[in-house]
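Below is one structure, written out as structure tokens; comments come after it.
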Amino acid sequence: MKKIKHVRSSGNVFADLGFGPQEAENLHLRARLMTEIQKYIQQEEVTQAEAANRFGVTQPRISNLLRGKIRLFSVDTLIAMLSHAGLTVDIRIKKARAA
């Protein structure tokens with residue numbers, strides 16, 4: 001039986017996958033913003049068309065977001081979408097953990 005090696009996560013899956021520090025942080029932030037939009041859509045029980053109207057985008061953009069197409073969304077775009085729906089983003093800055 002092969003022994004499985006366990007590795008402690010850094011808390012950022014993108015860093016764990018080998019992305020550079022800045023790119024990993026940007027991807028992590030975008031993923032968190034996308035998750036909040038997905039949660040909102042589920043909680044409000046709206047169609048993609050209604051969600052698009054609330055977020056100020058087209059239905060295909062909502063479809064791409066719900067399918068996790070992270071590369072198609074910038075942090076700025078995601079924050080603008082949340083703002084358009086009357087939601088606010090609270091940013092917290094803290095010192096990075098030592099590697």
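Just so we're on the same page: first chain in the structure tokens is A, next is B, and so on; residues restart at 1 for each chain, and ligands are numbered from 1 in the order they show up.
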
*Run DSSP on the backbone of this structure and report the residues of chain A it assigns to alpha helix (DSSP H), as a ChimeraX atom specification.*
/A:13-16,21-44,48-55,59-66,75-84

*Can you tell me, as a PyMOL selection string, what residues are no more than 12 Å from Asn64 of chain A when counting only C-alpha atoms, ignoring any on the same chain fewer than 5 positions away?*
chain A and resi 34+38+48+52+57-59+69-73

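Residue nearest Glu23 of chain A, chosen from A:Gly68, A:Val75, A:Lys2, A:Ala85 and counting only C-alpha atoms: A:Val75.
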
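Shortest atom-to-atom contact with Leu66 of chain A among A:Asn53, A:Ser10, A:Thr88, A:Thr47: A:Thr47, counting only C-alpha atoms.
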
*In Å, with one decimal, what is the gap from atom CA of Glu44 of chain A to atom CA of Val13 of chain A?*
28.4 Å

*Leu87 of chain A environment, 12 Å, only C-alpha atoms, sequence neighbours closer than 5 positions dropped, as number ranges by chain*: A: 33, 36-37, 40, 54-55, 78-82

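When atom CA of Ala96 of chain A is paired with atom CA of Arg8 of chain A, their separation reads 16.6 Å.
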
*So which one's closest to Ile91 of chain A, A:Ser63, A:Gln22, A:Arg32, A:Glu50? Using only C-alpha atoms, please.*
A:Arg32
